[in-house]
Structures are given as C-alpha cells and as structure tokens.
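A.B. asks: Input: one structure, supplied below.
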Amino acid sequence: MLLDSINETQTKIAALRMDLRVGKIFSSLGKSVGLIIDSASQDLPVTEVKVPQDEDDVVELLKIINEQLGKGDMDEISDDNINLLMDHLGSFKAQIRDGGVFTLFGDLLQYDILTKNQKIMIFDRLISDQMLLSHINETQNDAAYLRAYTLILLATLIYIDRAGTTFIDPKRRSRLVNQIVLYTMLENDTRGYEDGRGWIHAYTHLGNVLDELASDEKLVRADKILLMCTVIEKIKRLKTPLIYGESIRLAVYIADQLYEDDVYQQFLLIELREWRRSLETIQMRESSAMWNALFNRQRFLQALVLNPDMANSIVEYLEDSNDFTV
C-alpha cells in the first residue's frame, strides 16, 4: 500500500475540515479521520536529528537574560536572541530545553517583554513544519523533544492571545488548527520521562494546546469537533503506552470542551459507542501493541469517568455500559 506524504495528508485534512463545516459529515467523522491516519506515512527510517552546536552561546544568553530579569533591568529583547533561544527549544539537555529556554519564554511573556511582532514571529516558527513536525513520520527519534516543547510553548502563546494580547489573526488561527490536527494524526511518540534527558510528554503537552483551543471563542464548533475526534481516533491506534498521566490531562480537556456546547457531548457519545462496537467486531492478534491499545483505552475512559467536571451524559454512558475495563 502506497502511503500518503505529509503534504497529501494536509490536503485531505483541509478537505475534511471543509466538509465538516458545511455539514456534509458528522456522525461518520471518526471513520473519515481514521482513514486519513491509517493512510499517512509513518514509522519511516530515522534520519539524523541535528541540534545546534552553539550550546555555550545559548547558556550564556540564558544567564544574562535571567540576571537582567531578576534585577528588573530588561524591557526588550532582540529578534536575533529570540531566534537563538528557539533554536535550542529541542535541546537534548533538560536544563537548556525545559529549565532554560521554555521557562525563560514564560518569563518574557509574563513580564510583557516581547512585542506583538515578536510574538507573531515566534508563533509562526512554532507552527512551521520544521518545528512542530520535525521527523514526525519517522520511527522513535530525538526530534520528539523539539516537537513536544514546541507544543507547550504554543499552548502558552495561545493562552496569551486569548487572554487579551491579541496577535493570532484568522489566517494564522486556521493554519494552527490544520497543523495541530496533522500533528495529532502523526505523533506516535508516547514517551514520558527519559533518564538523563528529562521530559518529552508529548500527549500531555498536546492536551494543553487542545484545552486552550477548546476555550477559544474565535474557533467554530466544526474545528473543535475535528480536534476532539482526531485525538480520540489517534489514541485508538497508538501501539505504545500512555502511562505518565496523559489520559488525565486529556480528560480535563475533554471535560472543558463538553462544557461549551451539547453538540460536543453528542459527538463524543457517537465516538465512544463506535469505539466499543469496533472492539466487539474486530479480531485482534495478541501482541504488546494490542495490549497497549487496550490499556490506553482503559486509562483514558477511566480518566473520563473520574474527572469531577465530566458531563453527566458521558459518565452515565460509561458506567451503565461498564465500558472502561479491559
């Protein structure tokens, strides 16, 4: 079977998104999303994941900026320094990637150091294929650090935009939806914490992004349904375990989304019933992938039931059908 390239998958997503918006599809959306996922090129051979060699420069920059922030002496940052920091968002060293670059960007946003144009520049880099989709259709690789921390910084920027510092225009918001749907369809790395390198936690970070978009009043319902559908269809297909609290984070997102409108509850019930029906009709060969899929499902559904803010209709369905055990 000839699988789709990333560009072909992007084209299919755009067409499906339009069909959903105009009402051509609803109850069968999960099947359509699943077909796109199954047709996408994944698990290709790993190519070299390159990281910048100017590590000493960024360590020194982090030190200087943090000292300036601590003294209250900083009111601007150059575009060149922003780009140097972003170049190291995928560092294999947690003290640079997580405790350094990501934490510093949070401080720069909190203290309102970044201009509107700089926020746009950062956003555009984050949603680019080069960052968000780096090596994503290859087997497990070290670009997962970059992809995961691209997500969590995106979530922060989306929050800042939604909180009133508006800089994401309609064209960028539309591209964001396309890219997050595509990312979700392709991301297979479920690693949580890696000894010596720290957190990846992609599906937790994805939950953060989805939760911000769930509350975005500028997104139409069709886009929010597509996002929710895609993450559920992807969970069905993951062959490795989600065991670092990802299900709990995703359940928080689901609960928040369902609160927005009854149509999300209606759609989720369709998805849950179809998920159960598919398990009853499909014969699966016993393997580690099979058991990981079943236990991922169990953890996800249990997280839905146990979330105190989950819609009653979802909890009642799961409890009545006892549909959260293996």
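Identifiers for the structure tokens are assigned positionally: chains receive A, B, ... in sequence, residues are indexed from 1 per chain, and ligands are indexed from 1 in the order shown.
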Where in segment 64-297 of chain A does DSSP assign strand (DSSP E), given as a list in words?
C.D. replies: Tyr193, Glu194, Gly198 and Trp199 of chain A
A.B. asks: Please produce a file of those selected residues containing N, CA, C and O atoms, as a short mmCIF file (atom, residue, chain, number, x, y, z; two decimals), in the first residue's frame.
C.D. replies:
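Wrote it out as result.cif, contents follow:
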data_model
loop_
_atom_site.label_atom_id
_atom_site.label_comp_id
_atom_site.auth_asym_id
_atom_site.auth_seq_id
_atom_site.Cartn_x
_atom_site.Cartn_y
_atom_site.Cartn_z
N TYR A 193 9.08 10.41 30.71
CA TYR A 193 10.36 10.89 31.25
C TYR A 193 11.48 9.98 30.80
O TYR A 193 11.38 8.76 30.90
N GLU A 194 12.56 10.58 30.31
CA GLU A 194 13.72 9.84 29.86
C GLU A 194 14.90 10.14 30.78
O GLU A 194 15.27 11.31 30.96
N GLY A 198 15.28 14.10 30.64
CA GLY A 198 14.08 14.76 31.14
C GLY A 198 12.82 14.40 30.38
O GLY A 198 12.74 13.36 29.74
N TRP A 199 11.86 15.30 30.44
CA TRP A 199 10.52 15.04 29.91
C TRP A 199 10.43 15.24 28.40
O TRP A 199 11.01 16.15 27.84
#
A.B. asks: Excluding same-chain residues fewer than 6 positions from Ser41 of chain A, what lies within 8 Å of it counting only C-alpha atoms, as a ChimeraX atom specification?
C.D. replies: /A:3-6,137
A.B. asks: Name the residues in contact with Asp54 of chain A at a cut-off of 12 Å, using only C-alpha atoms, excluding same-chain residues fewer than 4 positions from it; report them as a list in words.
C.D. replies: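 The residues that qualify are Val58, Val59, Glu60, Leu61, Leu84, Leu85, Asp87, His88 and Ser91 of chain A.
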A.B. asks: Hey, could you make a per-residue contact list for segment 144-248 of chain A against segment 92-111 of chain A with 7 Å as the cut-off, showing the nearest pair of atoms and its distance in Å to one decimal, counting only C-alpha atoms, sorted by chain and number, as CSV?
C.D. replies:
residue,atom,partner,partner_atom,distance
A:Tyr145,CA,A:Phe92,CA,6.9
A:Leu153,CA,A:Phe102,CA,6.8
A:Arg197,CA,A:Lys93,CA,5.5
A:Gly198,CA,A:Ala94,CA,5.4
A.B. asks: I need the chosen residues saved as a PDB file, in the first residue's frame, with N, CA, C and O atoms.
C.D. replies:
ATOM      1  N   TYR A 145      11.764  15.761  21.381  1.00  0.00           N
ATOM      2  CA  TYR A 145      11.941  16.840  22.368  1.00  0.00           C
ATOM      3  C   TYR A 145      11.525  18.173  21.769  1.00  0.00           C
ATOM      4  O   TYR A 145      10.844  18.974  22.427  1.00  0.00           O
ATOM      5  N   LEU A 153       5.046  25.455  24.341  1.00  0.00           N
ATOM      6  CA  LEU A 153       5.205  26.898  24.149  1.00  0.00           C
ATOM      7  C   LEU A 153       4.053  27.460  23.330  1.00  0.00           C
ATOM      8  O   LEU A 153       3.570  28.574  23.586  1.00  0.00           O
ATOM      9  N   ARG A 197      17.723  12.917  30.219  1.00  0.00           N
ATOM     10  CA  ARG A 197      17.275  13.941  29.273  1.00  0.00           C
ATOM     11  C   ARG A 197      15.997  14.650  29.694  1.00  0.00           C
ATOM     12  O   ARG A 197      15.650  15.673  29.127  1.00  0.00           O
ATOM     13  N   GLY A 198      15.281  14.097  30.644  1.00  0.00           N
ATOM     14  CA  GLY A 198      14.082  14.764  31.136  1.00  0.00           C
ATOM     15  C   GLY A 198      12.823  14.404  30.376  1.00  0.00           C
ATOM     16  O   GLY A 198      12.736  13.363  29.735  1.00  0.00           O
TER      17      GLY A 198
END
